[in-house]
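**Student:** Dumping the structure here so I can ask a few things about it.
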Amino acid sequence: MQKFTKLSGIAAPLPLVNIDTDMIIPKQFLKTIKRSGLGVNLFDEMRYDDDGKEIADFVLNKPQYRDAQILVAGDNFGCGSSREHAPWAIADFGITCVIAPSYADIFYNNCFKNGILPIALPQEQVDVLMKDAEKGSNARIEVDLEAQTITSSDGEVFRFELDAFKKHCLLNGLDDIGLTMEKATAIDSFEAKAGAERPWV
């Protein structure tokens with residue numbers, strides 16, 4: 001997993017509340033167990049019509065937001081079923097930070113396991129960043145994980161709270177496997193000792 005330290009990128013505004021995981025990645029795309037390739041189907045039912053053609057008015061189809069790395073959204077983002085494909089699709093599209101007033105717990109925790117920083121801010125601060133994002137590609141929002149700050153294109157700074165362990169994992173690019181591998185020496189030592197003490201096992 002890639003380390004997350006600082007990000008300066010275009011933010012796409014999606015001012016909708018209760019965006020659930022089926023909206024993020026519809027159920028018909030859950031057959032794969034690969035994390036790659038799902039970005040094209042992110043928000044599929046909002047991005048494409050019944051013939052598979054792009055809906056021009058949807059934010060991620062607009063030229064200024066096709067390379068967005070940040071998503072500014074409404075309350076209760078990621079609610080619904082607990083599909084890990086939702087953060088997979090977001091990350092595969094190229095978005096590595098989501099800013100919203102609140103998140104569904106399972107989705108929130110899955111983000112950290114997939115290199116995405118979900119930031120929860122008070123509604124009034126999200127509203128400021130939403131308006132900033134609406135400026136398009138001329139407005140870049142900066143996210144500093146170490147300092148736990150967001151800086152708008154106008155220089156306004158917002159501080160966000162984050163669990164210290166989750167912050168450590170993102171800064172060091174550690175998913176569950178990476179965390180386990182940090183203890184590889186201790187695990188090898190334990191297995192060698194256990195093997196010597198109980199060779200019949």
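Going by the structure tokens order, chains are called A, B, ..., each with residues numbered from 1, while ligands are numbered from 1 in the order shown.
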Residues within 12 Å of Val40 in chain A, please, as a PyMOL selection string. Count only C-alpha atoms; anything in the same chain fewer than 6 positions from it doesn't count.
**Tutor:** chain A and resi 24-26+29+47-48+52+54+60-61+66+88-94
**Student:** Give me the residues near Glu124 in chain A as a JSON list (two decimals) with C-alpha atoms, in the first residue's frame, where near means some atom within 12 Å (using only C-alpha atoms) and where sequence neighbours in that chain fewer than 2 positions away do not count.
**Tutor:**
[["chain", "number", "residue", "atom", "x", "y", "z"],
["A", 74, "GLY", "CA", -22.41, 14.92, 2.11],
["A", 75, "ASP", "CA", -23.27, 13.35, 5.44],
["A", 100, "ALA", "CA", -17.52, 14.55, 4.54],
["A", 101, "PRO", "CA", -19.33, 15.35, 7.80],
["A", 120, "ALA", "CA", -14.69, 14.00, 8.98],
["A", 121, "LEU", "CA", -15.30, 17.72, 9.44],
["A", 122, "PRO", "CA", -18.18, 19.81, 10.81],
["A", 126, "VAL", "CA", -17.40, 20.88, 4.55],
["A", 127, "ASP", "CA", -19.64, 23.56, 3.02],
["A", 128, "VAL", "CA", -16.64, 25.88, 2.61],
["A", 129, "LEU", "CA", -14.60, 23.14, 0.93],
["A", 130, "MET", "CA", -17.56, 22.15, -1.23],
["A", 131, "LYS", "CA", -17.77, 25.70, -2.60],
["A", 158, "PHE", "CA", -9.00, 23.43, 8.77]]
**Student:** Name all residues at most 8 Å from Phe4 in chain A (count only C-alpha atoms; drop same-chain ones fewer than 4 positions away) and give them as a PDB file with N, CA, C and O atoms, in the first residue's frame.
**Tutor:**
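Printed below is result.pdb as written:
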ATOM      1  N   GLY A 115      -5.566   2.596   1.649  1.00  0.00           N
ATOM      2  CA  GLY A 115      -4.776   3.787   1.337  1.00  0.00           C
ATOM      3  C   GLY A 115      -5.560   5.057   1.121  1.00  0.00           C
ATOM      4  O   GLY A 115      -5.051   6.023   0.566  1.00  0.00           O
ATOM      5  N   LEU A 117      -7.678   8.280   2.783  1.00  0.00           N
ATOM      6  CA  LEU A 117      -7.860   9.051   4.001  1.00  0.00           C
ATOM      7  C   LEU A 117      -9.272   9.643   4.029  1.00  0.00           C
ATOM      8  O   LEU A 117      -9.575  10.550   3.265  1.00  0.00           O
ATOM      9  N   LEU A 145      -1.361  15.077   6.129  1.00  0.00           N
ATOM     10  CA  LEU A 145      -1.725  14.084   7.134  1.00  0.00           C
ATOM     11  C   LEU A 145      -0.902  14.243   8.403  1.00  0.00           C
ATOM     12  O   LEU A 145      -1.428  14.124   9.507  1.00  0.00           O
ATOM     13  N   LEU A 170      -1.445   4.851   7.650  1.00  0.00           N
ATOM     14  CA  LEU A 170      -1.446   5.558   6.376  1.00  0.00           C
ATOM     15  C   LEU A 170      -0.094   6.180   6.075  1.00  0.00           C
ATOM     16  O   LEU A 170       0.404   6.106   4.955  1.00  0.00           O
ATOM     17  N   LEU A 171       0.516   6.809   7.080  1.00  0.00           N
ATOM     18  CA  LEU A 171       1.810   7.456   6.869  1.00  0.00           C
ATOM     19  C   LEU A 171       2.875   6.462   6.434  1.00  0.00           C
ATOM     20  O   LEU A 171       3.788   6.798   5.679  1.00  0.00           O
ATOM     21  N   ASN A 172       2.746   5.221   6.919  1.00  0.00           N
ATOM     22  CA  ASN A 172       3.744   4.200   6.618  1.00  0.00           C
ATOM     23  C   ASN A 172       3.295   3.196   5.564  1.00  0.00           C
ATOM     24  O   ASN A 172       4.002   2.227   5.282  1.00  0.00           O
ATOM     25  N   GLY A 173       2.118   3.410   4.984  1.00  0.00           N
ATOM     26  CA  GLY A 173       1.626   2.527   3.934  1.00  0.00           C
ATOM     27  C   GLY A 173       1.370   1.112   4.413  1.00  0.00           C
ATOM     28  O   GLY A 173       1.680   0.149   3.705  1.00  0.00           O
TER      29      GLY A 173
END
**Student:** If you count only C-alpha atoms, which residues fall within 12 Å of Glu134 in chain A, apart from same-chain ones fewer than 4 positions away, as a PyMOL selection string?
**Tutor:** chain A and resi 10-15+59+62+64-65+68+71-73+127-130+138-141+152-153
**Student:** Going by DSSP on the backbone, which bits of range 93-153 of chain A are strand (DSSP E)? Write them as a PyMOL selection string, please.
**Tutor:** chain A and resi 97-100+117-120+140-144+149-151
**Student:** Can you list, as a PDB file with N, CA and C atoms, in the first residue's frame, all residues belonging to range 12-191 of chain A that DSSP tags as helix (DSSP H, G or I)?
**Tutor:**
ATOM      1  N   THR A  21     -22.968   2.344  -0.471  1.00  0.00           N
ATOM      2  CA  THR A  21     -21.948   1.581  -1.196  1.00  0.00           C
ATOM      3  C   THR A  21     -22.462   1.039  -2.520  1.00  0.00           C
ATOM      4  N   ASP A  22     -23.781   0.877  -2.663  1.00  0.00           N
ATOM      5  CA  ASP A  22     -24.327   0.425  -3.943  1.00  0.00           C
ATOM      6  C   ASP A  22     -24.278   1.552  -4.973  1.00  0.00           C
ATOM      7  N   MET A  23     -24.357   2.783  -4.518  1.00  0.00           N
ATOM      8  CA  MET A  23     -24.182   3.924  -5.413  1.00  0.00           C
ATOM      9  C   MET A  23     -22.709   4.058  -5.810  1.00  0.00           C
ATOM     10  N   ILE A  24     -21.833   3.781  -4.861  1.00  0.00           N
ATOM     11  CA  ILE A  24     -20.399   3.889  -5.126  1.00  0.00           C
ATOM     12  C   ILE A  24     -19.955   2.821  -6.129  1.00  0.00           C
ATOM     13  N   LYS A  27     -23.904  -3.548  -7.320  1.00  0.00           N
ATOM     14  CA  LYS A  27     -23.719  -4.956  -6.980  1.00  0.00           C
ATOM     15  C   LYS A  27     -23.238  -5.829  -8.125  1.00  0.00           C
ATOM     16  N   GLN A  28     -23.565  -5.476  -9.372  1.00  0.00           N
ATOM     17  CA  GLN A  28     -23.165  -6.323 -10.499  1.00  0.00           C
ATOM     18  C   GLN A  28     -21.649  -6.335 -10.741  1.00  0.00           C
ATOM     19  N   PHE A  29     -20.931  -5.441 -10.071  1.00  0.00           N
ATOM     20  CA  PHE A  29     -19.487  -5.382 -10.262  1.00  0.00           C
ATOM     21  C   PHE A  29     -18.721  -6.024  -9.100  1.00  0.00           C
ATOM     22  N   GLY A  39     -12.354   1.302 -11.014  1.00  0.00           N
ATOM     23  CA  GLY A  39     -12.500   2.755 -11.101  1.00  0.00           C
ATOM     24  C   GLY A  39     -13.436   3.203 -12.202  1.00  0.00           C
ATOM     25  N   VAL A  40     -13.441   2.469 -13.309  1.00  0.00           N
ATOM     26  CA  VAL A  40     -14.304   2.836 -14.435  1.00  0.00           C
ATOM     27  C   VAL A  40     -15.783   2.696 -14.081  1.00  0.00           C
ATOM     28  N   ASN A  41     -16.090   1.891 -13.062  1.00  0.00           N
ATOM     29  CA  ASN A  41     -17.479   1.673 -12.650  1.00  0.00           C
ATOM     30  C   ASN A  41     -17.849   2.430 -11.376  1.00  0.00           C
ATOM     31  N   ASP A  44     -21.292   4.138 -11.072  1.00  0.00           N
ATOM     32  CA  ASP A  44     -21.701   3.713 -12.408  1.00  0.00           C
ATOM     33  C   ASP A  44     -23.085   4.213 -12.828  1.00  0.00           C
ATOM     34  N   GLU A  45     -24.061   4.071 -11.959  1.00  0.00           N
ATOM     35  CA  GLU A  45     -25.437   4.418 -12.338  1.00  0.00           C
ATOM     36  C   GLU A  45     -25.660   5.922 -12.430  1.00  0.00           C
ATOM     37  N   MET A  46     -24.752   6.706 -11.847  1.00  0.00           N
ATOM     38  CA  MET A  46     -24.838   8.158 -11.968  1.00  0.00           C
ATOM     39  C   MET A  46     -23.959   8.673 -13.112  1.00  0.00           C
ATOM     40  N   ARG A  47     -22.948   7.887 -13.480  1.00  0.00           N
ATOM     41  CA  ARG A  47     -22.002   8.321 -14.520  1.00  0.00           C
ATOM     42  C   ARG A  47     -22.438   7.960 -15.926  1.00  0.00           C
ATOM     43  N   VAL A  59     -20.465  14.927 -12.091  1.00  0.00           N
ATOM     44  CA  VAL A  59     -19.238  15.658 -11.773  1.00  0.00           C
ATOM     45  C   VAL A  59     -17.966  14.983 -12.285  1.00  0.00           C
ATOM     46  N   LEU A  60     -17.838  13.676 -12.144  1.00  0.00           N
ATOM     47  CA  LEU A  60     -16.597  13.008 -12.547  1.00  0.00           C
ATOM     48  C   LEU A  60     -16.459  12.870 -14.060  1.00  0.00           C
ATOM     49  N   ASN A  61     -17.532  13.181 -14.793  1.00  0.00           N
ATOM     50  CA  ASN A  61     -17.469  13.171 -16.260  1.00  0.00           C
ATOM     51  C   ASN A  61     -17.098  14.534 -16.828  1.00  0.00           C
ATOM     52  N   PRO A  63     -14.718  17.589 -17.637  1.00  0.00           N
ATOM     53  CA  PRO A  63     -13.269  17.633 -17.904  1.00  0.00           C
ATOM     54  C   PRO A  63     -12.427  18.089 -16.716  1.00  0.00           C
ATOM     55  N   GLN A  64     -12.921  19.062 -15.972  1.00  0.00           N
ATOM     56  CA  GLN A  64     -12.124  19.618 -14.873  1.00  0.00           C
ATOM     57  C   GLN A  64     -12.005  18.693 -13.669  1.00  0.00           C
ATOM     58  N   TYR A  65     -12.823  17.631 -13.641  1.00  0.00           N
ATOM     59  CA  TYR A  65     -12.793  16.733 -12.485  1.00  0.00           C
ATOM     60  C   TYR A  65     -12.374  15.303 -12.826  1.00  0.00           C
ATOM     61  N   HIS A  85     -15.378  -3.494  -1.975  1.00  0.00           N
ATOM     62  CA  HIS A  85     -15.212  -3.018  -3.351  1.00  0.00           C
ATOM     63  C   HIS A  85     -15.426  -1.510  -3.462  1.00  0.00           C
ATOM     64  N   ALA A  86     -16.150  -0.925  -2.504  1.00  0.00           N
ATOM     65  CA  ALA A  86     -16.406   0.522  -2.561  1.00  0.00           C
ATOM     66  C   ALA A  86     -15.108   1.320  -2.458  1.00  0.00           C
ATOM     67  N   PRO A  87     -14.286   1.118  -1.415  1.00  0.00           N
ATOM     68  CA  PRO A  87     -13.010   1.828  -1.403  1.00  0.00           C
ATOM     69  C   PRO A  87     -12.072   1.385  -2.523  1.00  0.00           C
ATOM     70  N   TRP A  88     -12.171   0.128  -2.959  1.00  0.00           N
ATOM     71  CA  TRP A  88     -11.347  -0.317  -4.088  1.00  0.00           C
ATOM     72  C   TRP A  88     -11.650   0.531  -5.323  1.00  0.00           C
ATOM     73  N   ALA A  89     -12.930   0.768  -5.595  1.00  0.00           N
ATOM     74  CA  ALA A  89     -13.331   1.540  -6.775  1.00  0.00           C
ATOM     75  C   ALA A  89     -12.877   2.993  -6.654  1.00  0.00           C
ATOM     76  N   ILE A  90     -13.016   3.558  -5.464  1.00  0.00           N
ATOM     77  CA  ILE A  90     -12.603   4.942  -5.238  1.00  0.00           C
ATOM     78  C   ILE A  90     -11.103   5.094  -5.461  1.00  0.00           C
ATOM     79  N   ALA A  91     -10.333   4.182  -4.876  1.00  0.00           N
ATOM     80  CA  ALA A  91      -8.875   4.245  -5.017  1.00  0.00           C
ATOM     81  C   ALA A  91      -8.439   3.991  -6.456  1.00  0.00           C
ATOM     82  N   ASP A  92      -9.095   3.057  -7.135  1.00  0.00           N
ATOM     83  CA  ASP A  92      -8.714   2.740  -8.515  1.00  0.00           C
ATOM     84  C   ASP A  92      -9.008   3.909  -9.454  1.00  0.00           C
ATOM     85  N   PHE A  93     -10.009   4.698  -9.136  1.00  0.00           N
ATOM     86  CA  PHE A  93     -10.297   5.891  -9.934  1.00  0.00           C
ATOM     87  C   PHE A  93      -9.187   6.930  -9.772  1.00  0.00           C
ATOM     88  N   ASP A 105     -19.424   3.346   9.618  1.00  0.00           N
ATOM     89  CA  ASP A 105     -18.237   2.827  10.309  1.00  0.00           C
ATOM     90  C   ASP A 105     -17.426   1.845   9.473  1.00  0.00           C
ATOM     91  N   ILE A 106     -18.105   0.867   8.854  1.00  0.00           N
ATOM     92  CA  ILE A 106     -17.377  -0.170   8.120  1.00  0.00           C
ATOM     93  C   ILE A 106     -16.650   0.440   6.925  1.00  0.00           C
ATOM     94  N   PHE A 107     -17.337   1.287   6.177  1.00  0.00           N
ATOM     95  CA  PHE A 107     -16.699   1.945   5.045  1.00  0.00           C
ATOM     96  C   PHE A 107     -15.509   2.777   5.518  1.00  0.00           C
ATOM     97  N   TYR A 108     -15.690   3.518   6.581  1.00  0.00           N
ATOM     98  CA  TYR A 108     -14.629   4.380   7.132  1.00  0.00           C
ATOM     99  C   TYR A 108     -13.373   3.556   7.436  1.00  0.00           C
ATOM    100  N   ASN A 109     -13.537   2.444   8.117  1.00  0.00           N
ATOM    101  CA  ASN A 109     -12.394   1.606   8.472  1.00  0.00           C
ATOM    102  C   ASN A 109     -11.785   0.922   7.252  1.00  0.00           C
ATOM    103  N   ASN A 110     -12.612   0.549   6.283  1.00  0.00           N
ATOM    104  CA  ASN A 110     -12.089  -0.069   5.064  1.00  0.00           C
ATOM    105  C   ASN A 110     -11.219   0.899   4.264  1.00  0.00           C
ATOM    106  N   CYS A 111     -11.510   2.182   4.348  1.00  0.00           N
ATOM    107  CA  CYS A 111     -10.707   3.177   3.620  1.00  0.00           C
ATOM    108  C   CYS A 111      -9.242   3.105   4.040  1.00  0.00           C
ATOM    109  N   PHE A 112      -8.996   3.051   5.322  1.00  0.00           N
ATOM    110  CA  PHE A 112      -7.622   3.035   5.818  1.00  0.00           C
ATOM    111  C   PHE A 112      -6.869   1.796   5.362  1.00  0.00           C
ATOM    112  N   GLN A 123     -20.122  20.253   9.435  1.00  0.00           N
ATOM    113  CA  GLN A 123     -20.825  20.574   8.200  1.00  0.00           C
ATOM    114  C   GLN A 123     -20.442  21.941   7.636  1.00  0.00           C
ATOM    115  N   GLU A 124     -20.270  22.921   8.498  1.00  0.00           N
ATOM    116  CA  GLU A 124     -19.956  24.264   7.999  1.00  0.00           C
ATOM    117  C   GLU A 124     -18.586  24.319   7.319  1.00  0.00           C
ATOM    118  N   GLN A 125     -17.654  23.493   7.780  1.00  0.00           N
ATOM    119  CA  GLN A 125     -16.344  23.446   7.140  1.00  0.00           C
ATOM    120  C   GLN A 125     -16.404  22.677   5.823  1.00  0.00           C
ATOM    121  N   VAL A 126     -17.196  21.621   5.798  1.00  0.00           N
ATOM    122  CA  VAL A 126     -17.396  20.881   4.547  1.00  0.00           C
ATOM    123  C   VAL A 126     -18.050  21.794   3.511  1.00  0.00           C
ATOM    124  N   ASP A 127     -18.973  22.625   3.947  1.00  0.00           N
ATOM    125  CA  ASP A 127     -19.642  23.555   3.022  1.00  0.00           C
ATOM    126  C   ASP A 127     -18.640  24.505   2.372  1.00  0.00           C
ATOM    127  N   VAL A 128     -17.669  24.983   3.155  1.00  0.00           N
ATOM    128  CA  VAL A 128     -16.639  25.876   2.608  1.00  0.00           C
ATOM    129  C   VAL A 128     -15.806  25.143   1.563  1.00  0.00           C
ATOM    130  N   LEU A 129     -15.417  23.915   1.873  1.00  0.00           N
ATOM    131  CA  LEU A 129     -14.598  23.138   0.933  1.00  0.00           C
ATOM    132  C   LEU A 129     -15.407  22.702  -0.286  1.00  0.00           C
ATOM    133  N   MET A 130     -16.697  22.496  -0.108  1.00  0.00           N
ATOM    134  CA  MET A 130     -17.561  22.148  -1.234  1.00  0.00           C
ATOM    135  C   MET A 130     -17.590  23.300  -2.234  1.00  0.00           C
ATOM    136  N   LYS A 131     -17.756  24.515  -1.725  1.00  0.00           N
ATOM    137  CA  LYS A 131     -17.769  25.696  -2.601  1.00  0.00           C
ATOM    138  C   LYS A 131     -16.408  25.873  -3.273  1.00  0.00           C
ATOM    139  N   ASP A 132     -15.351  25.574  -2.537  1.00  0.00           N
ATOM    140  CA  ASP A 132     -14.006  25.665  -3.100  1.00  0.00           C
ATOM    141  C   ASP A 132     -13.850  24.659  -4.237  1.00  0.00           C
ATOM    142  N   ALA A 133     -14.346  23.443  -4.028  1.00  0.00           N
ATOM    143  CA  ALA A 133     -14.247  22.399  -5.044  1.00  0.00           C
ATOM    144  C   ALA A 133     -15.036  22.760  -6.298  1.00  0.00           C
ATOM    145  N   GLY A 136     -13.585  24.160  -9.719  1.00  0.00           N
ATOM    146  CA  GLY A 136     -13.005  23.346 -10.784  1.00  0.00           C
ATOM    147  C   GLY A 136     -11.507  23.159 -10.670  1.00  0.00           C
ATOM    148  N   SER A 137     -10.857  22.929 -11.796  1.00  0.00           N
ATOM    149  CA  SER A 137      -9.445  22.566 -11.801  1.00  0.00           C
ATOM    150  C   SER A 137      -8.518  23.702 -11.387  1.00  0.00           C
ATOM    151  N   ASN A 138      -9.039  24.916 -11.297  1.00  0.00           N
ATOM    152  CA  ASN A 138      -8.207  26.036 -10.852  1.00  0.00           C
ATOM    153  C   ASN A 138      -8.034  26.051  -9.337  1.00  0.00           C
ATOM    154  N   ALA A 164      -4.641   7.915  16.207  1.00  0.00           N
ATOM    155  CA  ALA A 164      -3.187   7.872  16.041  1.00  0.00           C
ATOM    156  C   ALA A 164      -2.726   6.605  15.318  1.00  0.00           C
ATOM    157  N   PHE A 165      -3.358   5.479  15.593  1.00  0.00           N
ATOM    158  CA  PHE A 165      -2.967   4.228  14.950  1.00  0.00           C
ATOM    159  C   PHE A 165      -3.289   4.250  13.460  1.00  0.00           C
ATOM    160  N   LYS A 166      -4.479   4.745  13.114  1.00  0.00           N
ATOM    161  CA  LYS A 166      -4.855   4.833  11.700  1.00  0.00           C
ATOM    162  C   LYS A 166      -3.918   5.798  10.963  1.00  0.00           C
ATOM    163  N   LYS A 167      -3.561   6.875  11.615  1.00  0.00           N
ATOM    164  CA  LYS A 167      -2.622   7.834  11.023  1.00  0.00           C
ATOM    165  C   LYS A 167      -1.275   7.164  10.769  1.00  0.00           C
ATOM    166  N   HIS A 168      -0.795   6.415  11.737  1.00  0.00           N
ATOM    167  CA  HIS A 168       0.480   5.692  11.600  1.00  0.00           C
ATOM    168  C   HIS A 168       0.447   4.748  10.407  1.00  0.00           C
ATOM    169  N   CYS A 169      -0.651   4.019  10.262  1.00  0.00           N
ATOM    170  CA  CYS A 169      -0.762   3.057   9.168  1.00  0.00           C
ATOM    171  C   CYS A 169      -0.720   3.747   7.806  1.00  0.00           C
ATOM    172  N   LEU A 170      -1.445   4.851   7.650  1.00  0.00           N
ATOM    173  CA  LEU A 170      -1.446   5.558   6.376  1.00  0.00           C
ATOM    174  C   LEU A 170      -0.094   6.180   6.075  1.00  0.00           C
ATOM    175  N   LEU A 171       0.516   6.809   7.080  1.00  0.00           N
ATOM    176  CA  LEU A 171       1.810   7.456   6.869  1.00  0.00           C
ATOM    177  C   LEU A 171       2.875   6.462   6.434  1.00  0.00           C
ATOM    178  N   ASP A 176      -3.333  -4.469   6.669  1.00  0.00           N
ATOM    179  CA  ASP A 176      -3.284  -5.548   7.671  1.00  0.00           C
ATOM    180  C   ASP A 176      -2.089  -6.476   7.448  1.00  0.00           C
ATOM    181  N   ILE A 177      -1.792  -6.767   6.189  1.00  0.00           N
ATOM    182  CA  ILE A 177      -0.652  -7.643   5.886  1.00  0.00           C
ATOM    183  C   ILE A 177       0.653  -6.945   6.239  1.00  0.00           C
ATOM    184  N   GLY A 178       0.736  -5.664   5.905  1.00  0.00           N
ATOM    185  CA  GLY A 178       1.937  -4.898   6.226  1.00  0.00           C
ATOM    186  C   GLY A 178       2.191  -4.824   7.723  1.00  0.00           C
ATOM    187  N   LEU A 179       1.123  -4.670   8.493  1.00  0.00           N
ATOM    188  CA  LEU A 179       1.257  -4.640   9.952  1.00  0.00           C
ATOM    189  C   LEU A 179       1.779  -5.968  10.474  1.00  0.00           C
ATOM    190  N   THR A 180       1.288  -7.060   9.893  1.00  0.00           N
ATOM    191  CA  THR A 180       1.756  -8.385  10.305  1.00  0.00           C
ATOM    192  C   THR A 180       3.224  -8.569   9.951  1.00  0.00           C
ATOM    193  N   MET A 181       3.610  -8.120   8.753  1.00  0.00           N
ATOM    194  CA  MET A 181       4.993  -8.295   8.313  1.00  0.00           C
ATOM    195  C   MET A 181       5.984  -7.478   9.143  1.00  0.00           C
ATOM    196  N   ALA A 184       7.503  -9.820  11.515  1.00  0.00           N
ATOM    197  CA  ALA A 184       8.008 -11.052  10.892  1.00  0.00           C
ATOM    198  C   ALA A 184       9.128 -11.699  11.697  1.00  0.00           C
ATOM    199  N   THR A 185      10.055 -10.898  12.212  1.00  0.00           N
ATOM    200  CA  THR A 185      11.170 -11.449  12.992  1.00  0.00           C
ATOM    201  C   THR A 185      10.661 -12.139  14.241  1.00  0.00           C
ATOM    202  N   ALA A 186       9.729 -11.498  14.948  1.00  0.00           N
ATOM    203  CA  ALA A 186       9.175 -12.081  16.165  1.00  0.00           C
ATOM    204  C   ALA A 186       8.374 -13.342  15.855  1.00  0.00           C
ATOM    205  N   ILE A 187       7.654 -13.335  14.743  1.00  0.00           N
ATOM    206  CA  ILE A 187       6.874 -14.508  14.335  1.00  0.00           C
ATOM    207  C   ILE A 187       7.803 -15.674  14.007  1.00  0.00           C
ATOM    208  N   ASP A 188       8.879 -15.407  13.247  1.00  0.00           N
ATOM    209  CA  ASP A 188       9.846 -16.456  12.904  1.00  0.00           C
ATOM    210  C   ASP A 188      10.490 -17.031  14.154  1.00  0.00           C
ATOM    211  N   SER A 189      10.816 -16.140  15.107  1.00  0.00           N
ATOM    212  CA  SER A 189      11.437 -16.586  16.354  1.00  0.00           C
ATOM    213  C   SER A 189      10.494 -17.474  17.151  1.00  0.00           C
ATOM    214  N   PHE A 190       9.227 -17.090  17.210  1.00  0.00           N
ATOM    215  CA  PHE A 190       8.229 -17.874  17.936  1.00  0.00           C
ATOM    216  C   PHE A 190       8.053 -19.248  17.291  1.00  0.00           C
ATOM    217  N   GLU A 191       7.970 -19.278  15.957  1.00  0.00           N
ATOM    218  CA  GLU A 191       7.771 -20.544  15.262  1.00  0.00           C
ATOM    219  C   GLU A 191       8.970 -21.476  15.436  1.00  0.00           C
TER     220      GLU A 191
END
**Student:** Here is a test: counting only C-alpha atoms, which residue of A:Asp144, A:Glu156, A:Asp20, A:Asp67 is nearest to Arg83 in chain A?
**Tutor:**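 Closest to Arg83 in chain A of all the choices is A:Asp20.
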**Student:** Suppose you want the space between CA of Leu162 in chain A and CA of Ile19 in chain A; what is it in Å?
**Tutor:**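 Distance between the two atoms: 22.0 Å.
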**Student:** Neighbours of Asp175 in chain A within 7 Å (only C-alpha atoms; same-chain residues fewer than 6 positions away dropped), as a PyMOL selection string?
**Tutor:** chain A and resi 1+113-114+169
